[in-house]
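Data block for input.txt (compact mmCIF, C-alpha atoms):
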# COMPACT_ATOMS: atom_id res chain seq x y z
CA MET A 1 99.99 85.08 105.33
CA GLU A 2 99.22 88.65 106.34
CA LEU A 3 97.96 88.78 109.93
CA GLN A 4 96.86 92.42 109.66
CA LEU A 5 97.70 93.21 113.27
CA GLN A 6 99.21 96.64 112.61
CA GLY A 7 97.51 99.22 114.81
CA LYS A 8 95.47 96.66 116.73
CA VAL A 9 95.52 97.00 120.52
CA ALA A 10 96.15 93.89 122.60
CA LEU A 11 96.11 93.29 126.33
CA VAL A 12 98.31 90.31 127.21
CA VAL A 13 97.93 89.16 130.80
CA ALA A 14 100.85 87.75 132.83
CA SER A 15 103.22 89.05 130.18
CA SER A 16 106.39 89.81 132.15
CA GLN A 17 107.78 86.32 131.49
CA GLY A 18 107.04 82.89 130.03
CA LEU A 19 104.26 82.32 127.53
CA GLY A 20 102.71 85.73 128.12
CA LYS A 21 105.94 87.52 127.28
CA ALA A 22 106.37 85.36 124.17
CA VAL A 23 102.85 86.21 122.96
CA ALA A 24 103.38 89.93 123.62
CA THR A 25 106.66 89.81 121.71
CA GLU A 26 105.07 88.12 118.70
CA LEU A 27 102.20 90.61 118.60
CA VAL A 28 104.58 93.57 118.77
CA LYS A 29 106.64 92.06 115.93
CA GLU A 30 103.44 91.98 113.88
CA GLY A 31 102.82 95.67 114.54
CA ALA A 32 100.23 95.47 117.33
CA ASN A 33 100.22 97.89 120.24
CA VAL A 34 100.47 95.87 123.45
CA MET A 35 99.64 96.52 127.09
CA LEU A 36 101.77 94.34 129.36
CA THR A 37 100.67 93.42 132.86
CA SER A 38 101.74 91.35 135.84
CA ARG A 39 102.41 91.91 139.53
CA ASP A 40 106.12 92.72 139.00
CA ALA A 41 106.66 96.33 137.93
CA ALA A 42 110.41 95.94 137.50
CA LYS A 43 110.02 93.00 135.12
CA LEU A 44 107.31 94.81 133.19
CA GLN A 45 109.51 97.84 132.69
CA ALA A 46 112.37 95.64 131.48
CA VAL A 47 110.12 93.79 129.01
CA GLN A 48 108.71 97.08 127.73
CA GLN A 49 112.22 98.36 127.02
CA GLU A 50 113.14 95.09 125.31
CA LEU A 51 110.08 95.08 123.06
CA GLU A 52 110.40 98.75 122.15
CA GLN A 53 113.76 97.88 120.59
CA LEU A 54 111.89 95.87 117.95
CA GLY A 55 110.73 99.14 116.40
CA LYS A 56 107.27 97.81 115.59
CA GLY A 57 104.13 98.25 117.70
CA LYS A 58 103.91 100.50 120.75
CA VAL A 59 104.33 98.95 124.21
CA ALA A 60 103.02 100.07 127.59
CA TRP A 61 102.62 98.38 130.96
CA HIS A 62 100.37 98.54 133.98
CA ARG A 63 100.94 96.60 137.18
CA ALA A 64 97.97 94.50 138.32
CA ASP A 65 97.15 91.58 140.58
CA ILE A 66 94.55 89.73 138.52
CA THR A 67 93.07 88.07 141.60
CA GLN A 68 91.79 91.52 142.59
CA ALA A 69 88.67 92.84 140.84
CA ASP A 70 89.64 96.48 141.37
CA ASP A 71 93.05 95.90 139.79
CA ILE A 72 91.39 94.43 136.70
CA LYS A 73 89.08 97.44 136.38
CA ALA A 74 92.05 99.79 136.71
CA LEU A 75 93.97 97.77 134.12
CA LEU A 76 91.24 98.12 131.49
CA THR A 77 91.01 101.83 132.26
CA ALA A 78 94.76 102.09 131.66
CA VAL A 79 94.38 100.35 128.27
CA ARG A 80 91.68 102.83 127.22
CA ASP A 81 93.62 105.83 128.50
CA THR A 82 96.82 104.71 126.76
CA PHE A 83 95.58 103.38 123.43
CA GLY A 84 91.96 104.55 123.18
CA LYS A 85 90.53 101.11 122.41
CA LEU A 86 90.97 97.36 122.84
CA ASP A 87 90.83 94.79 120.03
CA ILE A 88 92.47 91.71 121.53
CA LEU A 89 92.46 90.09 124.96
CA VAL A 90 94.88 87.29 125.77
CA ASN A 91 94.01 85.78 129.14
CA ASN A 92 96.88 84.08 130.90
CA ALA A 93 97.89 83.25 134.46
CA GLY A 94 100.65 81.41 136.24
CA GLY A 95 99.79 77.85 137.10
CA PRO A 96 98.63 76.87 140.57
CA PRO A 97 100.93 74.83 142.82
CA ALA A 98 101.42 71.13 142.36
CA GLY A 99 99.87 68.77 144.88
CA THR A 100 97.56 65.82 145.37
CA PHE A 101 93.96 66.07 146.56
CA GLU A 102 94.77 65.22 150.20
CA GLN A 103 97.63 67.72 150.35
CA LEU A 104 95.58 70.75 149.36
CA THR A 105 93.53 72.99 151.65
CA ASP A 106 90.42 75.09 151.07
CA GLU A 107 92.73 78.09 150.81
CA ASP A 108 94.73 76.40 148.03
CA TRP A 109 91.52 75.70 146.10
CA GLN A 110 90.21 79.23 146.58
CA ARG A 111 93.45 80.86 145.44
CA ALA A 112 93.61 78.63 142.35
CA PHE A 113 90.00 79.45 141.48
CA GLU A 114 90.61 83.18 141.78
CA LEU A 115 93.83 83.08 139.76
CA ASN A 116 93.10 80.51 137.08
CA LEU A 117 89.38 80.89 136.38
CA LEU A 118 87.76 83.88 138.08
CA SER A 119 90.43 86.24 136.73
CA TYR A 120 89.54 85.20 133.17
CA ILE A 121 85.85 85.77 133.86
CA ARG A 122 86.46 89.22 135.31
CA MET A 123 88.89 90.22 132.57
CA ILE A 124 86.44 89.29 129.82
CA ARG A 125 83.60 91.12 131.59
CA GLU A 126 85.63 94.33 131.78
CA ALA A 127 86.88 94.03 128.19
CA LEU A 128 83.49 93.36 126.57
CA PRO A 129 82.29 96.97 126.26
CA ASP A 130 85.34 97.70 124.07
CA LEU A 131 85.26 94.47 122.08
CA LYS A 132 81.54 94.73 121.34
CA GLN A 133 82.04 98.09 119.60
CA ARG A 134 84.12 96.77 116.70
CA GLY A 135 84.38 93.03 117.19
CA GLY A 136 87.55 91.45 118.46
CA ARG A 137 89.44 88.40 119.59
CA ILE A 138 89.85 86.62 122.92
CA VAL A 139 92.31 83.81 123.56
CA ASN A 140 92.24 81.98 126.88
CA ILE A 141 95.49 80.18 127.62
CA ALA A 142 94.93 76.93 129.50
CA SER A 143 96.95 73.68 129.52
CA SER A 144 97.07 70.30 127.82
CA SER A 145 95.48 69.05 131.05
CA VAL A 146 92.11 70.06 129.55
CA LYS A 147 92.47 67.00 127.31
CA GLN A 148 94.55 64.71 129.51
CA PRO A 149 94.79 65.35 133.28
CA ILE A 150 98.34 65.65 134.59
CA PRO A 151 99.15 63.64 137.76
CA GLY A 152 99.91 65.85 140.75
CA LEU A 153 98.26 68.93 139.23
CA ILE A 154 94.67 68.53 140.40
CA LEU A 155 94.16 72.28 140.81
CA SER A 156 95.17 72.94 137.22
CA ASN A 157 93.24 69.92 135.95
CA THR A 158 90.08 71.25 137.57
CA PHE A 159 90.12 74.96 136.81
CA ARG A 160 91.65 74.78 133.33
CA LEU A 161 88.65 72.68 132.30
CA GLY A 162 86.45 75.50 133.57
CA ILE A 163 88.16 77.77 131.03
CA VAL A 164 87.11 75.42 128.23
CA GLY A 165 83.49 75.50 129.37
CA LEU A 166 83.59 79.27 129.65
CA THR A 167 85.09 79.65 126.19
CA LYS A 168 82.66 77.29 124.49
CA THR A 169 79.65 79.02 126.05
CA LEU A 170 80.85 82.53 125.28
CA ALA A 171 81.59 81.60 121.66
CA GLU A 172 77.84 81.44 121.07
CA GLU A 173 76.95 84.44 123.21
CA LEU A 174 79.58 86.72 121.66
CA ALA A 175 79.28 85.65 118.01
CA PRO A 176 76.60 88.29 117.21
CA TYR A 177 79.19 90.95 118.08
CA ASN A 178 81.85 89.38 115.83
CA ILE A 179 83.95 88.44 118.85
CA LEU A 180 85.85 85.19 118.35
CA ILE A 181 87.02 83.38 121.47
CA ASN A 182 89.20 80.28 121.70
CA THR A 183 91.23 78.27 124.18
CA VAL A 184 94.86 77.47 123.45
CA ALA A 185 96.30 74.60 125.47
CA PRO A 186 100.10 74.35 125.68
CA GLY A 187 101.79 71.03 126.25
CA ARG A 188 105.38 70.89 127.42
CA ILE A 189 106.68 74.31 126.39
CA ALA A 190 110.15 75.25 127.66
CA THR A 191 109.37 77.93 130.25
CA GLY A 192 110.25 78.50 133.90
CA ARG A 193 106.91 76.93 134.85
CA LEU A 194 107.93 73.71 133.11
CA LEU A 195 111.26 73.64 134.92
CA TYR A 196 109.35 73.99 138.20
CA LEU A 197 107.02 71.11 137.35
CA ASP A 198 109.90 68.89 136.21
CA GLN A 199 111.74 69.61 139.45
CA LYS A 200 108.68 68.78 141.58
CA ARG A 201 108.21 65.50 139.72
CA ALA A 202 111.91 64.69 140.05
CA GLU A 203 111.74 65.20 143.83
CA HIS A 204 108.64 63.00 144.02
CA LEU A 205 110.27 60.19 142.03
CA GLY A 206 113.73 60.53 143.54
CA ILE A 207 115.45 61.10 140.19
CA SER A 208 117.12 64.03 138.46
CA ARG A 209 115.23 66.75 136.64
CA GLU A 210 117.00 65.82 133.40
CA GLU A 211 115.75 62.24 133.74
CA VAL A 212 112.21 63.57 134.13
CA ALA A 213 112.68 65.74 131.04
CA GLU A 214 114.02 62.81 129.05
CA GLN A 215 111.04 60.66 130.03
CA ALA A 216 108.70 63.46 128.96
CA ARG A 217 110.45 63.99 125.62
CA ASN A 218 110.09 60.29 124.91
CA GLN A 219 106.30 60.72 125.11
CA ILE A 220 106.26 63.56 122.58
CA PRO A 221 106.19 62.43 118.93
CA LEU A 222 108.33 65.42 117.89
CA GLY A 223 110.88 64.35 120.52
CA ARG A 224 111.40 67.72 122.18
CA TYR A 225 109.82 70.46 124.26
CA GLY A 226 108.17 73.28 122.34
CA THR A 227 109.49 76.81 122.42
CA PRO A 228 107.54 79.83 123.69
CA GLU A 229 107.97 81.38 120.25
CA GLU A 230 106.24 78.43 118.57
CA PHE A 231 103.34 78.73 120.97
CA ALA A 232 103.11 82.49 120.49
CA LYS A 233 102.76 82.18 116.71
CA VAL A 234 99.61 80.08 117.17
CA VAL A 235 98.07 82.69 119.46
CA ALA A 236 99.03 85.48 117.06
CA PHE A 237 97.18 83.73 114.25
CA LEU A 238 94.02 83.24 116.33
CA VAL A 239 93.84 86.89 117.41
CA SER A 240 94.52 88.18 113.91
CA ASP A 241 92.29 89.05 110.99
CA ALA A 242 93.65 85.96 109.24
CA SER A 243 91.43 83.92 111.58
CA THR A 244 87.78 84.64 110.83
CA TYR A 245 85.91 81.35 111.25
CA ILE A 246 87.40 79.69 114.34
CA THR A 247 85.57 80.24 117.62
CA GLY A 248 84.78 78.08 120.64
CA SER A 249 87.66 75.75 119.83
CA THR A 250 90.36 74.29 122.04
CA LEU A 251 93.66 74.03 120.21
CA LEU A 252 96.50 71.91 121.57
CA VAL A 253 100.06 73.08 121.02
CA ASP A 254 101.84 70.00 122.32
CA GLY A 255 103.95 68.36 119.62
CA GLY A 256 101.47 65.47 119.47
CA MET A 257 101.90 64.56 123.15
CA VAL A 258 98.21 64.10 123.99
CA LYS A 259 97.08 60.84 122.42
CA GLY A 260 93.32 61.29 122.81
CA ILE A 261 91.17 62.19 119.83
Represent the structure from my file as structure tokens, please.
Amino acid sequence: MELQLQGKVALVVASSQGLGKAVATELVKEGANVMLTSRDAAKLQAVQQELEQLGKGKVAWHRADITQADDIKALLTAVRDTFGKLDILVNNAGGPPAGTFEQLTDEDWQRAFELNLLSYIRMIREALPDLKQRGGRIVNIASSSVKQPIPGLILSNTFRLGIVGLTKTLAEELAPYNILINTVAPGRIATGRLLYLDQKRAEHLGISREEVAEQARNQIPLGRYGTPEEFAKVVAFLVSDASTYITGSTLLVDGGMVKGI
């Protein structure tokens, strides 16, 4: 299948590591020009150098704290100044801290809202003038918790669901401009974030992290954690010209872990 991503310009948020880096890598391999962003300039520079070795699409980076509205505006300006347009927005953000309802403060809730929901809203708002000119694609990365809440992750369970509501509503509002928008919900994908969550659960249960991982793998029909590369291929399809009739959907990438219909 030809994804027809050559020459397209993509902004991939939180792309210095983890799922964001994997998505950026896949898009560059397909010939897209990619703007990387995160709060860590050193990591961004290293990823840029790594991806440039692929000899495919062009790669640039701009440091931004996506909880800050001014940083988001400056980021979109950098995309326009560097590449002259924007065709694809991949919203992504590190997960909020683990914790139960009674452990979390107002400040914890506010920070999680700003990072995991408000940043997506602001990013889409700033990207729309570009996307409305020629049509485009938006993918909002969430979590399998949008289908099945994860114990101990009440912040993620709450705000990731907000992403689904946002996506579904915008699918109708943006359709006249030929902008397709979808949510992609990863299950247990082998990233640093997953190692953190496994460790927190291990400490809570008083067992080893490997025991936690084994219990989790036993709940996944495919019997293993997914790889970032597998996840990235799904996102690449959704933001490509090969996907022309999917919008407003929430797609699980979880190896069959979530049992709900």
| remark: Nearest to A:Val13, restricted to all atoms listed in the file and choosing among A:Thr167, A:Thr67, A:Gln53, A:Ser145, comes out as A:Thr67
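Remark: residues at most 9 Å from position (95.0, 85.2, 107.5) in file coordinates are Met1, Glu2, Leu3, Gln4, Phe237, Ser240, Asp241, Ala242, Ser243 and Thr244 of chain A, using all atoms listed in the file.
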Residue list as a PDB file with C-alpha atoms, in the coordinates of the input for point (95.4, 75.9, 133.3), cut-off 6 Å, all atoms listed in the file:
ATOM      1  CA  ALA A 142      94.930  76.930 129.500  1.00  0.00           C
ATOM      2  CA  SER A 143      96.950  73.680 129.520  1.00  0.00           C
ATOM      3  CA  SER A 156      95.170  72.940 137.220  1.00  0.00           C
ATOM      4  CA  ARG A 160      91.650  74.780 133.330  1.00  0.00           C
TER       5      ARG A 160
END
Edge lengths and centre, in Å to one decimal, as lines of an AutoDock Vina configuration file: that's what I need for the box along x, y and z that holds all listed atoms of stretch 104-120 of chain A plus 5 Å on each side.
center_x = 91.7
center_y = 78.5
center_z = 142.4
size_x = 17.8
size_y = 25.5
size_z = 28.5
Could you list, with a cut-off of 12 Å and counting only C-alpha atoms, the residues of stretch 66-136 of chain A near stretch 39-45 of chain A, each shown with its nearest atom pair and the distance in Å rounded to one decimal, rows sorted by chain and ascending number, as a tab-separated table?
residue	atom	partner	partner_atom	distance
A:Ile66	CA	A:Arg39	CA	8.2
A:Thr67	CA	A:Arg39	CA	10.3
A:Gln68	CA	A:Arg39	CA	11.1
A:Asp71	CA	A:Arg39	CA	10.2
A:Ile72	CA	A:Arg39	CA	11.7
A:Leu75	CA	A:Arg39	CA	11.6
A:Ala93	CA	A:Arg39	CA	11.0
A:Gly94	CA	A:Arg39	CA	11.1
| task | Go ahead and compute the interatomic distance for atom CA of A:Ala32 and atom CA of A:Asn140, in Å to one decimal. | result |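 So the answer is 18.4 Å.
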| said: Between atom CA of A:Leu174 and atom CA of A:Ala69, what is the distance in Å, rounded to a tenth? | reply: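 Rounded to one decimal, the two atoms are 22.1 Å apart.
Of the listed residues (A:Ile246, A:Ala185, A:Leu104, A:Leu195), A:Ala185 comes nearest to A:Val258; the distances count all atoms listed in the file.
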| request: Could you jot down the atom CA of A:Ser16 to atom CA of A:Thr247 separation for me, Å, one decimal place? | output: 27.1 Å
| Excluding same-chain residues fewer than 5 positions from A:Gln6, what lies within 10 Å of it counting only C-alpha atoms, as a list in words? |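 After dropping sequence-adjacent residues, the list is Leu27, Val28, Lys29, Glu30, Gly31, Ala32, Asn33, Lys56, Gly57 and Ser240 of chain A.
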| Which neighbours of A:Val90 fall inside 6 Å, counting all atoms listed in the file, when residues of the same chain fewer than 6 positions from it are skipped, and could you give them as a PyMOL selection string? | chain A and resi 12+138-139
Deliver the residues from the most recent selection as a file, using C-alpha atoms, as a PDB file, in the coordinates of the input.
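And here's part-v2.pdb as it stands now:
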ATOM      1  CA  VAL A  12      98.310  90.310 127.210  1.00  0.00           C
ATOM      2  CA  ILE A 138      89.850  86.620 122.920  1.00  0.00           C
ATOM      3  CA  VAL A 139      92.310  83.810 123.560  1.00  0.00           C
TER       4      VAL A 139
END
| task | Counting all atoms listed in the file, figure out which residue out of A:Asp106, A:Gly255, A:Arg137, A:Gln49 gets nearest to A:Asn91. | result |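 Once distances to A:Asn91 are computed over all atoms listed in the file, the minimum belongs to A:Arg137.
Closest approach to A:Ala190 from the set A:Glu229, A:Glu172, A:Glu107, A:Glu214 is made by A:Glu229, with distances taken over only C-alpha atoms.
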| Residues near A:Gly18, cut-off 9 Å, all atoms listed in the file, skip fewer than 2 positions along chain, as a count of residues only | 12
| message | So, with all atoms listed in the file as the atoms that count, which of A:Val164, A:Ile179, A:Val146, A:Ile141 lies closest to A:Ala232? | response |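 Going through A:Val164, A:Ile179, A:Val146, A:Ile141 one by one, the smallest distance to A:Ala232 is for A:Ile141.
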| said: Ranking A:Leu89, A:Arg217, A:Asp108, A:Ala74 by minimum distance to A:Ala24 and counting all atoms listed in the file, which one comes first? | reply: A:Leu89
| field | Non-local contacts of A:Gly84 (12 Å; only C-alpha atoms; under 2 positions in same chain excluded) as a VMD selection string | value | chain A and resid 7 to 10 33 35 76 to 82 86 to 87 130
